[in-house]
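Pasting query-v3.cif here (mmCIF, C-alpha atoms):
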```
data_query
#
loop_
_atom_site.group_PDB
_atom_site.id
_atom_site.type_symbol
_atom_site.label_atom_id
_atom_site.label_comp_id
_atom_site.auth_asym_id
_atom_site.auth_seq_id
_atom_site.Cartn_x
_atom_site.Cartn_y
_atom_site.Cartn_z
ATOM 1 C CA MET A 1020 -3.640 39.897 -63.965
ATOM 2 C CA ALA A 1021 -4.086 43.511 -65.046
ATOM 3 C CA SER A 1022 -4.639 46.094 -62.331
ATOM 4 C CA LEU A 1023 -7.833 48.149 -62.041
ATOM 5 C CA LYS A 1024 -6.004 51.210 -63.348
ATOM 6 C CA ASP A 1025 -4.806 49.298 -66.431
ATOM 7 C CA LEU A 1026 -8.340 48.064 -67.108
ATOM 8 C CA ARG A 1027 -9.786 51.574 -66.723
ATOM 9 C CA ASN A 1028 -7.191 52.938 -69.134
ATOM 10 C CA ARG A 1029 -7.903 50.160 -71.615
ATOM 11 C CA ILE A 1030 -11.660 50.796 -71.479
ATOM 12 C CA ALA A 1031 -11.149 54.548 -71.905
ATOM 13 C CA SER A 1032 -8.856 53.930 -74.881
ATOM 14 C CA VAL A 1033 -11.361 51.638 -76.607
ATOM 15 C CA LYS A 1034 -14.176 54.151 -75.983
ATOM 16 C CA ALA A 1035 -12.084 56.899 -77.584
ATOM 17 C CA THR A 1036 -11.427 54.637 -80.594
ATOM 18 C CA GLN A 1037 -15.127 53.837 -80.816
ATOM 19 C CA LYS A 1038 -15.966 57.551 -80.998
ATOM 20 C CA ILE A 1039 -13.481 57.977 -83.860
ATOM 21 C CA THR A 1040 -14.812 55.008 -85.845
ATOM 22 C CA LYS A 1041 -18.400 56.175 -85.312
ATOM 23 C CA ALA A 1042 -17.511 59.658 -86.538
ATOM 24 C CA MET A 1043 -15.724 58.209 -89.586
ATOM 25 C CA GLN A 1044 -18.767 56.068 -90.341
ATOM 26 C CA MET A 1045 -21.042 59.118 -90.284
ATOM 27 C CA VAL A 1046 -18.670 61.128 -92.485
ATOM 28 C CA ALA A 1047 -18.428 58.231 -94.958
ATOM 29 C CA ALA A 1048 -22.228 57.966 -95.053
ATOM 30 C CA ALA A 1049 -22.525 61.666 -95.895
ATOM 31 C CA LYS A 1050 -19.852 61.449 -98.599
ATOM 32 C CA LEU A 1051 -21.358 58.247 -99.981
ATOM 33 C CA ARG A 1052 -24.619 59.939 -100.937
ATOM 34 C CA ARG A 1053 -22.812 62.519 -103.066
ATOM 35 C CA ALA A 1054 -20.389 59.994 -104.555
ATOM 36 C CA GLN A 1055 -23.161 57.516 -105.387
ATOM 37 C CA THR A 1056 -25.223 60.213 -107.078
ATOM 38 C CA ALA A 1057 -22.231 61.280 -109.184
ATOM 39 C CA ALA A 1058 -21.378 57.690 -110.162
ATOM 40 C CA GLU A 1059 -24.960 56.869 -111.158
ATOM 41 C CA ALA A 1060 -25.219 60.103 -113.156
ATOM 42 C CA ALA A 1061 -22.053 59.258 -115.124
ATOM 43 C CA ARG A 1062 -23.135 55.745 -116.117
ATOM 44 C CA PRO A 1063 -25.700 56.639 -118.840
ATOM 45 C CA TYR A 1064 -23.258 58.972 -120.622
ATOM 46 C CA ALA A 1065 -20.435 56.420 -120.559
ATOM 47 C CA GLU A 1066 -22.736 53.618 -121.717
ATOM 48 C CA ARG A 1067 -24.168 55.776 -124.490
ATOM 49 C CA MET A 1068 -20.643 56.666 -125.587
ATOM 50 C CA GLU A 1069 -19.892 52.956 -125.890
ATOM 51 C CA SER A 1070 -23.096 52.474 -127.876
ATOM 52 C CA VAL A 1071 -22.226 55.237 -130.356
ATOM 53 C CA LEU A 1072 -18.716 53.844 -130.775
ATOM 54 C CA ALA A 1073 -20.124 50.376 -131.375
ATOM 55 C CA ASN A 1074 -22.399 51.678 -134.125
ATOM 56 C CA LEU A 1075 -19.548 53.602 -135.707
ATOM 57 C CA ALA A 1076 -17.146 50.657 -135.416
ATOM 58 C CA SER A 1077 -19.616 48.325 -137.123
ATOM 59 C CA GLY A 1078 -19.468 50.461 -140.247
ATOM 60 C CA VAL A 1079 -15.706 50.948 -140.403
ATOM 61 C CA THR A 1080 -14.035 49.511 -143.458
ATOM 62 C CA GLY A 1081 -10.363 48.659 -143.532
ATOM 63 C CA SER A 1082 -8.042 48.701 -140.572
ATOM 64 C CA GLY A 1083 -9.669 51.597 -138.700
ATOM 65 C CA PRO A 1084 -8.084 53.874 -136.065
ATOM 66 C CA ALA A 1085 -5.361 52.342 -133.900
ATOM 67 C CA LEU A 1086 -7.227 53.192 -130.686
ATOM 68 C CA LEU A 1087 -10.103 51.023 -131.950
ATOM 69 C CA THR A 1088 -8.302 48.095 -133.551
ATOM 70 C CA GLY A 1089 -4.904 48.241 -131.848
ATOM 71 C CA ASN A 1090 -1.496 48.167 -133.497
ATOM 72 C CA GLY A 1091 -1.616 44.494 -134.383
ATOM 73 C CA LYS A 1092 0.527 43.422 -131.429
ATOM 74 C CA ALA A 1093 -0.118 42.354 -127.842
ATOM 75 C CA ASP A 1094 3.421 42.053 -126.496
ATOM 76 C CA THR A 1095 3.390 44.912 -123.972
ATOM 77 C CA HIS A 1096 0.475 45.494 -121.609
ATOM 78 C CA LEU A 1097 -0.215 48.626 -119.570
ATOM 79 C CA LEU A 1098 -2.256 48.019 -116.417
ATOM 80 C CA VAL A 1099 -3.925 51.188 -115.138
ATOM 81 C CA VAL A 1100 -4.724 50.451 -111.484
ATOM 82 C CA ALA A 1101 -7.080 52.957 -109.837
ATOM 83 C CA THR A 1102 -7.327 52.752 -106.043
ATOM 84 C CA ALA A 1103 -7.915 55.106 -103.114
ATOM 85 C CA GLU A 1104 -5.503 57.612 -101.642
ATOM 86 C CA ARG A 1105 -6.390 56.618 -98.071
ATOM 87 C CA GLY A 1106 -6.937 53.420 -96.155
ATOM 88 C CA LEU A 1107 -9.402 52.357 -93.448
ATOM 89 C CA CYS A 1108 -11.877 51.173 -96.077
ATOM 90 C CA GLY A 1109 -11.876 47.423 -95.570
ATOM 91 C CA GLY A 1110 -10.779 45.285 -98.490
ATOM 92 C CA PHE A 1111 -11.563 47.910 -101.143
ATOM 93 C CA ASN A 1112 -7.961 48.611 -102.208
ATOM 94 C CA THR A 1113 -6.780 45.039 -101.718
ATOM 95 C CA SER A 1114 -9.471 43.558 -103.987
ATOM 96 C CA ILE A 1115 -8.518 45.847 -106.890
ATOM 97 C CA VAL A 1116 -4.802 45.192 -106.397
ATOM 98 C CA ARG A 1117 -5.419 41.445 -106.207
ATOM 99 C CA LEU A 1118 -7.221 41.480 -109.561
ATOM 100 C CA ALA A 1119 -4.431 43.546 -111.158
ATOM 101 C CA ARG A 1120 -1.736 41.329 -109.619
ATOM 102 C CA GLU A 1121 -3.382 38.167 -110.970
ATOM 103 C CA LYS A 1122 -3.568 39.733 -114.436
ATOM 104 C CA ALA A 1123 0.074 40.844 -114.308
ATOM 105 C CA LEU A 1124 1.311 37.419 -113.221
ATOM 106 C CA ALA A 1125 -0.775 35.702 -115.906
ATOM 107 C CA LEU A 1126 0.642 37.988 -118.596
ATOM 108 C CA GLN A 1127 4.207 37.464 -117.374
ATOM 109 C CA ALA A 1128 3.648 33.705 -117.447
ATOM 110 C CA GLU A 1129 2.736 34.086 -121.134
ATOM 111 C CA GLY A 1130 5.997 35.957 -121.777
ATOM 112 C CA LYS A 1131 4.373 39.396 -122.086
ATOM 113 C CA THR A 1132 5.894 42.644 -120.874
ATOM 114 C CA VAL A 1133 3.869 44.333 -118.126
ATOM 115 C CA LYS A 1134 3.852 48.025 -117.227
ATOM 116 C CA ILE A 1135 1.759 49.511 -114.435
ATOM 117 C CA LEU A 1136 0.322 53.010 -114.098
ATOM 118 C CA CYS A 1137 -1.009 53.630 -110.580
ATOM 119 C CA ILE A 1138 -3.806 56.073 -109.807
ATOM 120 C CA GLY A 1139 -3.906 56.341 -106.036
ATOM 121 C CA LYS A 1140 -1.248 55.846 -103.397
ATOM 122 C CA LYS A 1141 -2.676 52.731 -101.737
ATOM 123 C CA GLY A 1142 -2.472 50.658 -104.895
ATOM 124 C CA TYR A 1143 1.058 51.903 -105.508
ATOM 125 C CA ASP A 1144 2.142 50.966 -101.973
ATOM 126 C CA GLN A 1145 0.928 47.395 -102.427
ATOM 127 C CA LEU A 1146 2.100 46.822 -105.994
ATOM 128 C CA ARG A 1147 5.609 48.221 -105.590
ATOM 129 C CA ARG A 1148 6.501 45.373 -103.227
ATOM 130 C CA GLN A 1149 6.299 42.931 -106.127
ATOM 131 C CA PHE A 1150 6.284 45.061 -109.297
ATOM 132 C CA GLU A 1151 8.420 48.077 -108.432
ATOM 133 C CA LYS A 1152 10.384 47.936 -111.696
ATOM 134 C CA GLN A 1153 7.193 47.646 -113.772
ATOM 135 C CA ILE A 1154 5.538 50.770 -112.295
ATOM 136 C CA VAL A 1155 5.990 53.611 -114.773
ATOM 137 C CA ASP A 1156 4.206 56.388 -112.867
ATOM 138 C CA LEU A 1157 2.035 57.297 -109.881
ATOM 139 C CA ILE A 1158 -0.806 59.779 -110.290
ATOM 140 C CA ASP A 1159 -1.560 61.372 -106.928
ATOM 141 C CA LEU A 1160 -5.080 62.736 -106.394
ATOM 142 C CA ARG A 1161 -4.830 63.395 -102.644
ATOM 143 C CA SER A 1162 -5.326 67.126 -103.134
ATOM 144 C CA VAL A 1163 -8.559 66.598 -105.126
ATOM 145 C CA ARG A 1164 -11.613 66.950 -102.905
ATOM 146 C CA GLN A 1165 -14.204 66.144 -105.578
ATOM 147 C CA ILE A 1166 -13.400 64.154 -108.720
ATOM 148 C CA GLY A 1167 -14.142 65.993 -111.962
ATOM 149 C CA PHE A 1168 -13.580 65.334 -115.647
ATOM 150 C CA GLU A 1169 -10.636 67.721 -115.500
ATOM 151 C CA ASN A 1170 -8.895 65.142 -113.293
ATOM 152 C CA ALA A 1171 -9.536 62.213 -115.644
ATOM 153 C CA ASP A 1172 -8.790 63.942 -118.965
ATOM 154 C CA PRO A 1173 -5.013 64.414 -118.358
ATOM 155 C CA ILE A 1174 -4.749 60.732 -117.414
ATOM 156 C CA GLY A 1175 -6.497 59.737 -120.635
ATOM 157 C CA LYS A 1176 -4.229 61.986 -122.695
ATOM 158 C CA LYS A 1177 -1.153 60.554 -120.966
ATOM 159 C CA ILE A 1178 -2.227 56.992 -121.819
ATOM 160 C CA ILE A 1179 -2.887 57.944 -125.452
ATOM 161 C CA ALA A 1180 0.509 59.655 -125.694
ATOM 162 C CA MET A 1181 2.214 56.550 -124.332
ATOM 163 C CA PHE A 1182 0.365 54.406 -126.881
ATOM 164 C CA GLU A 1183 1.284 56.670 -129.782
ATOM 165 C CA GLN A 1184 4.943 56.536 -128.702
ATOM 166 C CA GLY A 1185 4.813 52.747 -128.827
ATOM 167 C CA GLU A 1186 5.304 52.201 -125.083
ATOM 168 C CA PHE A 1187 2.565 49.545 -124.917
ATOM 169 C CA ASP A 1188 0.156 47.606 -127.123
ATOM 170 C CA VAL A 1189 -2.822 46.915 -124.849
ATOM 171 C CA ALA A 1190 -4.147 49.004 -121.943
ATOM 172 C CA THR A 1191 -6.472 47.660 -119.232
ATOM 173 C CA LEU A 1192 -8.145 49.711 -116.497
ATOM 174 C CA PHE A 1193 -8.746 48.243 -113.024
ATOM 175 C CA TYR A 1194 -11.264 49.762 -110.628
ATOM 176 C CA SER A 1195 -14.158 48.817 -108.340
ATOM 177 C CA LYS A 1196 -17.723 49.095 -109.600
ATOM 178 C CA PHE A 1197 -20.183 50.316 -106.966
ATOM 179 C CA ARG A 1198 -23.265 48.193 -106.327
ATOM 180 C CA SER A 1199 -24.162 48.839 -102.692
ATOM 181 C CA VAL A 1200 -22.622 49.655 -99.320
ATOM 182 C CA ILE A 1201 -21.671 46.018 -98.821
ATOM 183 C CA LEU A 1202 -20.933 45.090 -102.446
ATOM 184 C CA GLN A 1203 -18.197 46.586 -104.617
ATOM 185 C CA ILE A 1204 -17.102 44.591 -107.665
ATOM 186 C CA PRO A 1205 -13.424 44.691 -108.786
ATOM 187 C CA THR A 1206 -13.532 45.244 -112.552
ATOM 188 C CA ALA A 1207 -11.040 45.052 -115.411
ATOM 189 C CA GLN A 1208 -11.927 47.056 -118.538
ATOM 190 C CA GLN A 1209 -9.824 47.136 -121.693
ATOM 191 C CA LEU A 1210 -9.237 50.686 -122.917
ATOM 192 C CA ILE A 1211 -6.915 50.142 -125.889
ATOM 193 C CA PRO A 1212 -7.905 48.604 -128.241
ATOM 194 C CA ALA A 1213 -11.391 49.845 -127.387
ATOM 195 C CA GLU A 1214 -13.558 47.086 -125.971
ATOM 196 C CA ILE A 1215 -16.908 47.423 -127.753
ATOM 197 C CA PRO A 1216 -19.869 45.578 -126.176
ATOM 198 C CA GLY A 1217 -21.487 44.133 -129.267
ATOM 199 C CA GLU A 1218 -24.946 42.793 -128.422
ATOM 200 C CA ARG A 1219 -25.968 45.522 -126.011
ATOM 201 C CA ALA A 1220 -24.596 48.509 -127.863
ATOM 202 C CA VAL A 1221 -25.024 47.952 -131.598
ATOM 203 C CA SER A 1222 -28.310 49.202 -132.962
ATOM 204 C CA SER A 1223 -29.986 47.782 -136.061
ATOM 205 C CA ALA A 1224 -30.934 51.287 -137.224
ATOM 206 C CA ALA A 1225 -28.987 52.823 -140.093
ATOM 207 C CA TYR A 1226 -27.342 56.191 -139.464
ATOM 208 C CA GLU A 1227 -25.688 58.679 -141.759
ATOM 209 C CA TYR A 1228 -22.879 60.568 -140.061
ATOM 210 C CA GLU A 1229 -21.629 64.028 -140.917
ATOM 211 C CA PRO A 1230 -18.651 64.328 -141.031
ATOM 212 C CA GLY A 1231 -17.572 60.800 -141.949
ATOM 213 C CA GLN A 1232 -17.315 57.912 -139.540
ATOM 214 C CA ASP A 1233 -13.519 57.920 -139.525
ATOM 215 C CA GLU A 1234 -13.401 61.602 -138.536
ATOM 216 C CA ILE A 1235 -15.959 61.102 -135.768
ATOM 217 C CA LEU A 1236 -14.081 58.069 -134.445
ATOM 218 C CA ALA A 1237 -10.838 60.035 -134.441
ATOM 219 C CA THR A 1238 -12.516 62.527 -132.088
ATOM 220 C CA LEU A 1239 -14.621 60.189 -129.970
ATOM 221 C CA LEU A 1240 -12.058 57.448 -129.296
ATOM 222 C CA PRO A 1241 -9.627 59.670 -127.311
ATOM 223 C CA ARG A 1242 -12.540 61.233 -125.463
ATOM 224 C CA ASN A 1243 -13.992 57.808 -124.718
ATOM 225 C CA ILE A 1244 -10.792 56.830 -122.889
ATOM 226 C CA SER A 1245 -11.055 59.902 -120.663
ATOM 227 C CA VAL A 1246 -14.779 59.262 -120.123
ATOM 228 C CA GLN A 1247 -14.184 55.649 -119.085
ATOM 229 C CA ILE A 1248 -11.420 56.730 -116.694
ATOM 230 C CA PHE A 1249 -13.719 59.420 -115.281
ATOM 231 C CA ARG A 1250 -16.463 56.864 -114.726
ATOM 232 C CA ALA A 1251 -13.957 54.510 -113.059
ATOM 233 C CA LEU A 1252 -12.814 57.269 -110.687
ATOM 234 C CA LEU A 1253 -16.419 58.088 -109.756
ATOM 235 C CA GLU A 1254 -17.236 54.400 -109.239
ATOM 236 C CA ASN A 1255 -14.117 54.122 -107.087
ATOM 237 C CA ALA A 1256 -15.107 57.152 -105.015
ATOM 238 C CA ALA A 1257 -18.532 55.665 -104.265
ATOM 239 C CA SER A 1258 -17.080 52.201 -103.626
ATOM 240 C CA GLU A 1259 -14.437 53.613 -101.283
ATOM 241 C CA GLN A 1260 -16.980 55.448 -99.140
ATOM 242 C CA GLY A 1261 -19.303 52.450 -99.102
ATOM 243 C CA ALA A 1262 -16.464 50.152 -98.042
ATOM 244 C CA ARG A 1263 -15.277 52.647 -95.411
ATOM 245 C CA MET A 1264 -18.786 53.040 -94.020
ATOM 246 C CA SER A 1265 -19.140 49.266 -93.699
ATOM 247 C CA ALA A 1266 -15.649 48.838 -92.215
ATOM 248 C CA MET A 1267 -16.143 51.599 -89.646
ATOM 249 C CA ASP A 1268 -19.550 50.186 -88.694
ATOM 250 C CA ASN A 1269 -17.907 46.810 -88.024
ATOM 251 C CA ALA A 1270 -15.104 48.506 -86.093
ATOM 252 C CA THR A 1271 -17.631 50.403 -83.950
ATOM 253 C CA ARG A 1272 -19.506 47.190 -83.175
ATOM 254 C CA ASN A 1273 -16.280 45.374 -82.317
ATOM 255 C CA ALA A 1274 -15.241 48.235 -80.026
ATOM 256 C CA GLY A 1275 -18.595 47.996 -78.254
ATOM 257 C CA ASP A 1276 -18.130 44.260 -77.720
ATOM 258 C CA MET A 1277 -14.614 44.847 -76.411
ATOM 259 C CA ILE A 1278 -15.858 47.537 -73.991
ATOM 260 C CA LYS A 1279 -18.486 45.144 -72.613
ATOM 261 C CA LYS A 1280 -15.891 42.401 -72.189
ATOM 262 C CA GLN A 1281 -13.360 44.670 -70.498
ATOM 263 C CA THR A 1282 -16.042 46.182 -68.256
ATOM 264 C CA THR A 1283 -17.066 42.691 -67.113
ATOM 265 C CA ILE A 1284 -13.439 41.842 -66.351
ATOM 266 C CA TYR A 1285 -13.048 45.162 -64.504
ATOM 267 C CA ASN A 1286 -16.144 44.562 -62.365
ATOM 268 C CA ARG A 1287 -15.095 41.005 -61.511
ATOM 269 C CA THR A 1288 -11.575 42.112 -60.617
ATOM 270 C CA ARG A 1289 -12.898 44.949 -58.486
ATOM 271 C CA GLN A 1290 -15.343 42.629 -56.729
ATOM 272 C CA ALA A 1291 -12.571 40.096 -56.072
ATOM 273 C CA MET A 1292 -10.380 42.791 -54.529
ATOM 274 C CA ILE A 1293 -13.248 44.035 -52.322
ATOM 275 C CA THR A 1294 -13.998 40.486 -51.204
ATOM 276 C CA LYS A 1295 -10.328 39.861 -50.415
ATOM 277 C CA GLU A 1296 -10.143 43.058 -48.327
ATOM 278 C CA LEU A 1297 -13.303 42.098 -46.394
ATOM 279 C CA ILE A 1298 -11.875 38.658 -45.661
ATOM 280 C CA GLU A 1299 -8.667 40.220 -44.407
ATOM 281 C CA ILE A 1300 -10.611 42.636 -42.146
ATOM 282 C CA ILE A 1301 -12.825 39.867 -40.743
ATOM 283 C CA SER A 1302 -9.836 37.571 -40.207
ATOM 284 C CA GLY A 1303 -7.989 40.346 -38.355
ATOM 285 C CA ALA A 1304 -11.018 41.090 -36.150
ATOM 286 C CA GLU A 1305 -11.392 37.428 -35.195
ATOM 287 C CA ALA A 1306 -7.718 37.199 -34.313
ATOM 288 C CA LEU A 1307 -8.166 39.979 -31.763
#
```
For the file at hand, write its structure as structure tokens.
Amino acid sequence: MASLKDLRNRIASVKATQKITKAMQMVAAAKLRRAQTAAEAARPYAERMESVLANLASGVTGSGPALLTGNGKADTHLLVVATAERGLCGGFNTSIVRLAREKALALQAEGKTVKILCIGKKGYDQLRRQFEKQIVDLIDLRSVRQIGFENADPIGKKIIAMFEQGEFDVATLFYSKFRSVILQIPTAQQLIPAEIPGERAVSSAAYEYEPGQDEILATLLPRNISVQIFRALLENAASEQGARMSAMDNATRNAGDMIKKQTTIYNRTRQAMITKELIEIISGAEAL
């Protein structure tokens, strides 16, 4: 049985941990408000971009740009896995990695070549255990305090450059879509060829574009990739803080339960020792 000193130390240690988890919960709650506002503000622009591309794509004649229609092959797949740079956020990183891992294994079972581009250290740490040879690069955003379009645009340009050099045929982006503090949805979105949502995006109205549709598509398609990556990073930022807030709340509650349990054990042990000492004193007095 643990001594009273050990129990006191254990209770003090759990209380210190509880203070840390409570502080992390409050910090995550403050960051969540900003991240959620940014993610919700980016959604209309990204959705409208998809809508414009859908209208333009519906009027394209012939093969169309490669970023829209692909290169006619689907042998090599690039999986762009966006996760967090830090842990202590519940199953946020694991859920994204699990979705990407399932996709990679399914593609390999079909005889496809898989390449992985990691955005965020936590996803890289998990994927390299099984797919170390398939990981082509790690993009580290630990030094970025607030995600901006200037962080997403170089990633989009890198993916386009890899596609133009023939390094892959299909690119898919993995991230977590923010719904609420307790709900983040792992999502896979195809970037190349561009995945155009038909029913929602295409309008029945007729438009005349100046300059021509092909020229506009040549400009919008590369930008759309950066915009979708930017939206994914913002969704990830909100999802990460929501998951961390929920995880730290659970950790704080668990620490409280553990403190109550250890305090009960401490009090019982202390009472047993006091009772034993009284019995010894009474027994000694009667012997005299």
Task: Exercise: residues within 9 Å of coordinate (-12.5, 60.8, -114.2), counting only C-alpha atoms, as a ChimeraX atom specification - done: /A:1166-1172,1174-1175,1245-1253
Task: Selection near A:Ala1207, 7 Å with only C-alpha atoms, sequence-local residues under 6 positions removed, as a ChimeraX atom specification - done: /A:1191-1194
Open item on the list: Rounded to one decimal, what separation in Å do you get between atom CA of A:Phe1182 and atom CA of A:Leu1210?
Closed with: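 We find that atom CA of A:Phe1182 and atom CA of A:Leu1210 lie 11.0 Å from each other.
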- [ ] Could you jot down the atom CA of A:Met1292 to atom CA of A:Lys1024 separation for me, Å, one decimal place?
- [x] 13.0 Å
Open item on the list: From the options A:Ala1266, A:Ala1304, A:Ala1256, A:Leu1236, which residue's atoms come nearest to A:Val1071, counting only C-alpha atoms?
Closed with: A:Leu1236
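Excluding A:Gly1106 itself and any same-chain residue fewer than 4 positions from it, the protein and nucleic acid residues within 9 Å of it, counting only C-alpha atoms, are Phe1111, Asn1112, Lys1141 and Arg1263 of chain A.
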Put a box with edges along x, y and z around all the listed atoms of stretch 1063-1078 of chain A, pad it by 8 Å on each side, then give me its centre and sizes in Å, one decimal, as JSON.
```
{"center_x": -21.4, "center_y": 53.6, "center_z": -129.5, "size_x": 24.6, "size_y": 26.6, "size_z": 37.4}
```
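All residues of protein, DNA or RNA that reach within 10 Å of A:Lys1152, judged by all atoms listed in the file and not counting those fewer than 3 positions away in the chain, are Val1133, Lys1134, Ile1135, Arg1147, Arg1148, Gln1149 and Val1155 of chain A.
Once the PyMOL selection byres ((chain A and resi 1086-1088) around 6) is applied to the depicted file, the selected set reads Pro1084, Ala1085, Gly1089, Ile1211, Pro1212 and Ala1213 of chain A.
The protein and nucleic acid residues lying at most 8 Å from A:Met1264 are Met1043, Gln1044, Met1045, Ala1047, Ala1048, Cys1108, Val1200, Gln1260 and Asp1268 of chain A, with all atoms listed in the file considered and sequence neighbours fewer than 4 positions away removed.
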Output C-alpha atoms of each residue in that selection to a file, as a PDB file, in the coordinates of the input.
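Final output, again.pdb:
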```
ATOM      1  CA  MET A1043     -15.724  58.209 -89.586  1.00  0.00           C
ATOM      2  CA  GLN A1044     -18.767  56.068 -90.341  1.00  0.00           C
ATOM      3  CA  MET A1045     -21.042  59.118 -90.284  1.00  0.00           C
ATOM      4  CA  ALA A1047     -18.428  58.231 -94.958  1.00  0.00           C
ATOM      5  CA  ALA A1048     -22.228  57.966 -95.053  1.00  0.00           C
ATOM      6  CA  CYS A1108     -11.877  51.173 -96.077  1.00  0.00           C
ATOM      7  CA  VAL A1200     -22.622  49.655 -99.320  1.00  0.00           C
ATOM      8  CA  GLN A1260     -16.980  55.448 -99.140  1.00  0.00           C
ATOM      9  CA  ASP A1268     -19.550  50.186 -88.694  1.00  0.00           C
TER      10      ASP A1268
END
```
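Using all atoms listed in the file for every distance, the candidate list A:Thr1095, A:Gln1153, A:Thr1036, A:Ser1114 yields A:Thr1095 as the residue closest to A:Thr1132.
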- [ ] Report the distance between atom CA of A:Thr1283 and atom CA of A:Leu1026 in Å, rounded to one decimal place.
- [x] 10.2 Å
Open item on the list: When you count only C-alpha atoms, which of these residues is closest to A:Leu1239: A:Ser1070, A:Thr1288, A:Ser1265, A:Gln1145?
Closed with: A:Ser1070
